[in-house]
Amino acid sequence: MNVSDSAVFKIKDSVDLFLTDDEYVTAYYMNSRKRREFHVSLDTVRLLESIDGHSSVGDIKSLMLEANSVSPESTERTLESLQALKIITEVPREDVLSPSDSERFSRQINYLAEFFENEAEGQRAQNRIASTRIAILGCGAVGGNIALELAMAGVRRLVLFDYDTVSESDVSRHLFFRSGDVGMSKVDSLAEQVHEIDPKVHVETIQAALRPQDDIESLIESCDFIVNTMDEPYIGYTSAKISRACVKHNKPHYIAGGFDAHLASTGELILPHITPCAECYARYFKKSLKGWKPSHHPVEDRSLEIGGLSPMSLFSSSFAALEILKFLSGIVDMEKSYKPRGEWLFDGMTLSYLDVKRDPQCPVCGERAVL
Amino acid sequence: MSTNPKLSPSVSVVPLGNGIIEFFMTNTRRQVRLKTQDDAILKIVNGLDGSKTAEEIAHAQGYTPSSVKSLLAYLSQHGILDNAEPKEDFESYDDFRRVISFLQDYSTSHEHLIQMWKRLRDSRVVVVGLGGVGSWVACTLIQTGVRHIVLMDPDTVDLSNLHRQFGYRKIDLGRPKVDALSERLRLYRGDLDVTSICRPLDEHALEDALGDERIDLVVNCADKPTVDQTSTWVGEFCMPRGIPHIVGGGYNLHLSLIGQTVIPGKTACVRCFEKQLEVDNQIDGTRVKKLQVANRKVGSIGPLCALNASMVSMEAIKVLTGCTEPANVNRRGEFDITTMDVSYRRFDKLPDCEWCGPHGKYYSG
């Protein structure tokens, strides 16, 4: 490690430091919730107190020399150790982002940066989020929330796809619901609100339904990431169709929502040829639900009457948004740490995951898949 | 029953063989199983489309009306029958039919379902702190049917809030959060009763503003000066008044915390938690000091705040409707963003607690 005199350091924002008997420092790492203790000299304590995120290493070296008679070499060595212990981090010299974006996303950049070696990586991660073009297919309770949450987090290129208009009973599920928008197309209402939060988001709207004969491949090809929450005719059908096209074009995607799953399901991130695809899930359910065959429900249009709860939709959408942001920003290696679909239970507030693996026989992403 | 029996839209009827019928409640993932002697019951259940009276069903299957009625009573008690009929009995049914349908999984009768809905509609909730968690909590509670809400926050909307706090727009920058958010809430429903209090939470804030007005729940999403301090103040207001309160979690400096629900007199109180955490930390204040970090700005990410808020609101709905017991009593949780797992740690209601113990100042018998 080589510390330049012009470099600026700061104490990592996620680290709490406690001093015991003026000779032990306990570092408490908030993100991992771990703690480490080490012996320090009073000079190190003074050095820690002088690291303010503005003074350069040169300034700090002079200060330590003048006020505490510590040699510049010794100060440099201590800085190196503190950096290795992930207690301090270098402040980027130049902002990758515009000043207003740096301010708007400052807290999030900070959060992201904690996963990397330095602050500049946090800004680059924010840039990756901003430049991703994402299609949200289905803008209902879960899809609409995901669109808002991603736009708030800094996704700047969105394609919103939904045929429906805002109706009075959406009040209980769609975060973006406004009583004045009843009758307006969902994609337009959503686009307007995204712009009210952040005018820099470029939103394309497509007011259409997905029909069996529709070709959605060109839309998928034009995007970097696809979110499917369309539940008409049903989530299984739209997911099979969309996931197949995404695997073909090697597009990462997320399946969420579905009229009878939106209450409890986490949905799942699909990375073609790495995670199970929608077809692998379908094959898994075909096996695991063998013999579990619900009778035909006597009430027609039950899907219109089935329960919905805003906080449950918010759970599903936030889970999805978090997984998507982890993937886009690169703070977690999702190729290794992806989760299969999980289920959240309202009663016990517990979360459990299915044991779904890639199916080697899968006709879409398996060994003998022909696309 | 004045209307014809109908199967709840949330219920899937699954014949498992050997005469066992499973009723799977889609909303809550609850399951009820019934052992039957013959196929007639399955036929009856699968025919509950609301077009026939109990007598007609009995006649068609060759049963006595009283035996069919006792079957229907059983199904109603378990929320398997559509307890929402007749719908005219519910205030604002059409707008909130999905919430009512959700609550139906917990209902034991039509009257019980009406009662849960009425409790929610009449309840008054205080949300303290309208930031990363509180803003989402307020919106989702209004969306679920809460009509009376008190918002407390001293801050104005800042550009750096917009990535994680819901309900604020760019043109709201500089406006008090209580004003901007109450305006957003009224866009959901025009008939809301919103009380805005633009001041920081401190020792007297809740008492000054609300005195002994009826409050059904306080949600604490404020973390200034510290979560422990704001939770203590909220506890001190709620305990003598018997008001349930939720420690929101998702705070600055502890983003992954899932806070506890406190039911005064029944569960561990804020002080019980604090005492058990003190033992844990074993921090001796005379020997340890915190090193002050200059210009600290703590990281945060919106969907994690919203995820936390969703959990707070779910607990709030349990407290307000009484549909089921809140789950986060005597425990608090931690959400791990890397593994996406939730873990909980148990806390006890301490018998020697100086707040809620038998000799405590808020002991209520």
# chains A, B, ... in the order shown; residues from 1 in each chain; ligands from 1
call {"tool": "select_by_dssp", "arguments": {"residues": "range 136-165 of chain A", "states": "strand (DSSP E)", "output": "PDB file with C-alpha atoms, in the first residue's frame"}}
result
ATOM      1  CA  ILE A 136     -41.096  -3.127 -15.742  1.00  0.00           C
ATOM      2  CA  LEU A 137     -43.713  -5.411 -17.245  1.00  0.00           C
ATOM      3  CA  ARG A 157     -33.950   4.631 -17.728  1.00  0.00           C
ATOM      4  CA  LEU A 158     -37.298   2.939 -17.247  1.00  0.00           C
ATOM      5  CA  VAL A 159     -39.762   1.320 -19.619  1.00  0.00           C
ATOM      6  CA  LEU A 160     -43.195   0.892 -18.030  1.00  0.00           C
ATOM      7  CA  PHE A 161     -45.553  -1.648 -19.585  1.00  0.00           C
TER       8      PHE A 161
END
call {"tool": "residues_around", "arguments": {"residues": "range 217-230 of chain B", "least_positions_apart": "3", "cutoff": "8 Å", "atoms": "only C-alpha atoms", "output": "VMD selection string"}}
result
chain B and resid 124 to 131 133 to 134 201 to 202 233 to 234 238 243 to 249 251 to 252 274 316 319 to 320
call {"tool": "residues_around", "arguments": {"residues": "range 346-356 of chain A", "least_positions_apart": "2", "cutoff": "7 Å", "atoms": "only C-alpha atoms", "output": "PyMOL selection string"}}
result
(chain A and resi 281+284+340-344+358) or (chain B and resi 28+327+341-342)
call {"tool": "write_last_selection", "arguments": {"atoms": "C-alpha atoms", "output": "tab-separated table (two decimals), in the first residue's frame"}}
result
chain	number	residue	atom	x	y	z
A	281	TYR	CA	-39.31	-23.23	-11.31
A	284	TYR	CA	-39.93	-27.84	-9.70
A	340	PRO	CA	-34.38	-18.88	-4.80
A	341	ARG	CA	-37.98	-17.82	-4.27
A	342	GLY	CA	-38.95	-17.32	-0.66
A	343	GLU	CA	-42.14	-16.94	1.25
A	344	TRP	CA	-42.88	-14.39	3.94
A	358	ARG	CA	-31.26	-25.36	-11.99
B	28	THR	CA	-52.19	-15.88	4.99
B	327	ALA	CA	-45.33	-11.50	16.28
B	341	ASP	CA	-32.40	-13.89	6.07
B	342	VAL	CA	-34.28	-12.70	9.12
call {"tool": "residues_around", "arguments": {"residues": "Ile197 in chain B", "least_positions_apart": "3", "cutoff": "10 Å", "atoms": "only C-alpha atoms", "output": "list in words"}}
result
Val128, Val150, Leu151, Met152, Asp153, Pro154, Pro176, Lys177, Val178, Asp179, Val194, Pro200, Leu201, Ala205, Leu206, Ala209 and Leu210 of chain B
call {"tool": "write_last_selection", "arguments": {"atoms": "N, CA and C atoms", "output": "mmCIF file, in the first residue's frame"}}
result
data_model
loop_
_atom_site.group_PDB
_atom_site.id
_atom_site.type_symbol
_atom_site.label_atom_id
_atom_site.label_comp_id
_atom_site.auth_asym_id
_atom_site.auth_seq_id
_atom_site.Cartn_x
_atom_site.Cartn_y
_atom_site.Cartn_z
ATOM 1 N N VAL B 128 -44.217 8.798 14.659
ATOM 2 C CA VAL B 128 -43.200 9.772 15.051
ATOM 3 C C VAL B 128 -41.973 9.560 14.174
ATOM 4 N N VAL B 150 -51.724 10.802 13.252
ATOM 5 C CA VAL B 150 -50.983 11.950 13.772
ATOM 6 C C VAL B 150 -49.554 11.818 13.265
ATOM 7 N N LEU B 151 -49.055 12.853 12.612
ATOM 8 C CA LEU B 151 -47.700 12.832 12.072
ATOM 9 C C LEU B 151 -46.836 13.793 12.875
ATOM 10 N N MET B 152 -45.685 13.319 13.339
ATOM 11 C CA MET B 152 -44.789 14.205 14.085
ATOM 12 C C MET B 152 -43.387 14.135 13.511
ATOM 13 N N ASP B 153 -42.849 15.305 13.139
ATOM 14 C CA ASP B 153 -41.479 15.377 12.627
ATOM 15 C C ASP B 153 -41.071 16.847 12.569
ATOM 16 N N PRO B 154 -39.839 17.173 12.968
ATOM 17 C CA PRO B 154 -39.423 18.579 12.954
ATOM 18 C C PRO B 154 -38.794 19.014 11.629
ATOM 19 N N PRO B 176 -41.943 21.603 5.419
ATOM 20 C CA PRO B 176 -41.975 20.654 6.538
ATOM 21 C C PRO B 176 -42.490 19.287 6.054
ATOM 22 N N LYS B 177 -41.838 18.233 6.521
ATOM 23 C CA LYS B 177 -42.262 16.889 6.109
ATOM 24 C C LYS B 177 -43.710 16.602 6.491
ATOM 25 N N VAL B 178 -44.123 17.095 7.656
ATOM 26 C CA VAL B 178 -45.507 16.826 8.078
ATOM 27 C C VAL B 178 -46.507 17.395 7.067
ATOM 28 N N ASP B 179 -46.175 18.554 6.480
ATOM 29 C CA ASP B 179 -47.096 19.160 5.499
ATOM 30 C C ASP B 179 -47.087 18.379 4.186
ATOM 31 N N VAL B 194 -55.997 14.089 9.626
ATOM 32 C CA VAL B 194 -54.548 14.112 9.849
ATOM 33 C C VAL B 194 -54.195 15.245 10.807
ATOM 34 N N PRO B 200 -39.677 18.340 17.141
ATOM 35 C CA PRO B 200 -38.932 17.110 17.424
ATOM 36 C C PRO B 200 -39.543 16.359 18.599
ATOM 37 N N LEU B 201 -39.350 15.059 18.604
ATOM 38 C CA LEU B 201 -39.768 14.272 19.750
ATOM 39 C C LEU B 201 -38.823 14.594 20.895
ATOM 40 N N ALA B 205 -42.998 16.116 24.151
ATOM 41 C CA ALA B 205 -43.663 16.393 22.872
ATOM 42 C C ALA B 205 -45.023 15.710 22.733
ATOM 43 N N LEU B 206 -45.081 14.407 23.032
ATOM 44 C CA LEU B 206 -46.341 13.677 22.818
ATOM 45 C C LEU B 206 -47.410 14.135 23.803
ATOM 46 N N ALA B 209 -48.705 17.626 22.866
ATOM 47 C CA ALA B 209 -49.528 17.670 21.658
ATOM 48 C C ALA B 209 -50.823 16.878 21.803
ATOM 49 N N LEU B 210 -50.765 15.782 22.535
ATOM 50 C CA LEU B 210 -51.917 14.876 22.535
ATOM 51 C C LEU B 210 -52.582 14.707 23.889
#
call {"tool": "closest_residue", "arguments": {"among": "A:Ala209, A:Lys357, A:Glu232, A:Ile226", "to": "Ile274 in chain A", "atoms": "only C-alpha atoms"}}
result
A:Lys357
call {"tool": "interface_residues", "arguments": {"of": "chain A", "to": "chain B", "cutoff": "6 Å", "atoms": "only C-alpha atoms", "output": "VMD selection string"}}
result
chain A and resid 13 17 to 21 52 103 to 104 107 to 108 110 to 111 152 to 153 168 to 169 171 to 172 178 to 179 196 to 197 293 to 295 298 to 299 302 306 to 311 314 to 315 318 322 348
call {"tool": "write_last_selection", "arguments": {"atoms": "N, CA and C atoms", "output": "tab-separated table (two decimals), in the first residue's frame"}}
result
chain	number	residue	atom	x	y	z
A	13	ASP	N	-17.98	5.44	7.51
A	13	ASP	CA	-19.20	5.88	8.17
A	13	ASP	C	-19.90	4.76	8.94
A	17	LEU	N	-16.31	3.75	16.84
A	17	LEU	CA	-15.06	3.51	17.57
A	17	LEU	C	-15.24	3.86	19.04
A	18	PHE	N	-14.84	2.93	19.90
A	18	PHE	CA	-14.91	3.17	21.35
A	18	PHE	C	-13.50	3.04	21.92
A	19	LEU	N	-13.20	3.89	22.87
A	19	LEU	CA	-11.88	3.88	23.50
A	19	LEU	C	-12.05	3.47	24.96
A	20	THR	N	-11.30	2.43	25.36
A	20	THR	CA	-11.39	1.95	26.74
A	20	THR	C	-10.07	2.22	27.45
A	21	ASP	N	-10.17	2.82	28.62
A	21	ASP	CA	-8.99	3.12	29.45
A	21	ASP	C	-7.89	3.84	28.67
A	52	ASP	N	-10.67	13.73	9.32
A	52	ASP	CA	-11.98	14.40	9.28
A	52	ASP	C	-12.63	14.39	7.90
A	103	GLU	N	-25.40	14.76	-4.12
A	103	GLU	CA	-26.16	15.12	-2.92
A	103	GLU	C	-27.41	14.24	-2.79
A	104	ARG	N	-28.13	14.11	-3.91
A	104	ARG	CA	-29.36	13.31	-3.87
A	104	ARG	C	-29.10	11.89	-3.39
A	107	ARG	N	-26.46	9.41	0.68
A	107	ARG	CA	-26.59	8.38	1.71
A	107	ARG	C	-26.47	6.99	1.10
A	108	GLN	N	-27.02	6.82	-0.09
A	108	GLN	CA	-26.98	5.51	-0.74
A	108	GLN	C	-25.57	5.18	-1.23
A	110	ASN	N	-22.92	6.19	0.09
A	110	ASN	CA	-22.26	5.83	1.31
A	110	ASN	C	-22.49	4.38	1.70
A	111	TYR	N	-23.74	3.99	1.54
A	111	TYR	CA	-24.10	2.61	1.87
A	111	TYR	C	-23.37	1.64	0.94
A	152	MET	N	-36.38	5.91	-7.34
A	152	MET	CA	-35.86	6.63	-6.18
A	152	MET	C	-34.39	6.30	-5.95
A	153	ALA	N	-34.03	5.03	-6.17
A	153	ALA	CA	-32.65	4.59	-5.93
A	153	ALA	C	-31.70	5.03	-7.04
A	168	GLU	N	-60.49	2.80	-8.40
A	168	GLU	CA	-60.71	3.23	-7.01
A	168	GLU	C	-60.14	2.24	-5.98
A	169	SER	N	-60.29	0.94	-6.26
A	169	SER	CA	-59.87	-0.03	-5.24
A	169	SER	C	-58.36	-0.26	-5.23
A	171	VAL	N	-56.49	1.83	-4.24
A	171	VAL	CA	-56.08	2.61	-3.06
A	171	VAL	C	-55.44	1.71	-2.01
A	172	SER	N	-55.91	0.47	-1.92
A	172	SER	CA	-55.40	-0.37	-0.84
A	172	SER	C	-54.13	-1.14	-1.19
A	178	ARG	N	-53.40	7.72	-6.60
A	178	ARG	CA	-53.90	9.05	-6.21
A	178	ARG	C	-55.35	9.09	-6.68
A	179	SER	N	-56.25	9.50	-5.78
A	179	SER	CA	-57.67	9.41	-6.14
A	179	SER	C	-57.98	10.23	-7.40
A	196	GLU	N	-41.94	13.56	-10.68
A	196	GLU	CA	-42.06	14.48	-9.54
A	196	GLU	C	-40.96	14.23	-8.51
A	197	ILE	N	-40.55	12.96	-8.40
A	197	ILE	CA	-39.48	12.64	-7.45
A	197	ILE	C	-38.13	13.02	-8.07
A	293	LYS	N	-53.91	-30.82	-5.83
A	293	LYS	CA	-54.68	-30.22	-6.92
A	293	LYS	C	-55.93	-29.55	-6.37
A	294	PRO	N	-55.92	-28.23	-6.29
A	294	PRO	CA	-57.10	-27.54	-5.80
A	294	PRO	C	-58.30	-27.79	-6.72
A	295	SER	N	-59.48	-27.91	-6.10
A	295	SER	CA	-60.69	-28.04	-6.89
A	295	SER	C	-60.96	-26.73	-7.61
A	298	PRO	N	-65.59	-22.36	-6.84
A	298	PRO	CA	-66.96	-22.10	-7.29
A	298	PRO	C	-67.26	-20.63	-7.59
A	299	VAL	N	-66.48	-19.72	-7.04
A	299	VAL	CA	-66.78	-18.29	-7.22
A	299	VAL	C	-66.04	-17.76	-8.45
A	302	ARG	N	-62.80	-14.80	-8.82
A	302	ARG	CA	-62.28	-14.72	-7.45
A	302	ARG	C	-61.02	-13.87	-7.37
A	306	ILE	N	-59.78	-11.48	-4.23
A	306	ILE	CA	-58.79	-12.04	-3.32
A	306	ILE	C	-58.11	-10.91	-2.53
A	307	GLY	N	-57.58	-11.29	-1.37
A	307	GLY	CA	-57.05	-10.28	-0.47
A	307	GLY	C	-55.84	-9.54	-0.99
A	308	GLY	N	-55.64	-8.36	-0.45
A	308	GLY	CA	-54.47	-7.58	-0.79
A	308	GLY	C	-54.18	-6.66	0.37
A	309	LEU	N	-52.92	-6.41	0.59
A	309	LEU	CA	-52.55	-5.57	1.71
A	309	LEU	C	-51.33	-4.77	1.28
A	310	SER	N	-51.43	-3.46	1.40
A	310	SER	CA	-50.34	-2.59	0.96
A	310	SER	C	-48.98	-2.97	1.57
A	311	PRO	N	-48.90	-3.22	2.88
A	311	PRO	CA	-47.58	-3.58	3.42
A	311	PRO	C	-47.04	-4.90	2.87
A	314	LEU	N	-45.64	-4.09	-0.42
A	314	LEU	CA	-44.40	-3.33	-0.20
A	314	LEU	C	-43.27	-4.27	0.21
A	315	PHE	N	-43.60	-5.31	0.94
A	315	PHE	CA	-42.56	-6.29	1.29
A	315	PHE	C	-42.00	-6.92	0.02
A	318	SER	N	-40.07	-4.37	-2.18
A	318	SER	CA	-38.80	-3.91	-1.59
A	318	SER	C	-37.76	-5.02	-1.63
A	322	LEU	N	-34.35	-4.56	-3.68
A	322	LEU	CA	-33.08	-4.75	-2.99
A	322	LEU	C	-32.19	-5.75	-3.75
A	348	GLY	N	-46.24	-15.06	11.55
A	348	GLY	CA	-45.05	-15.21	12.37
A	348	GLY	C	-43.91	-14.31	11.96
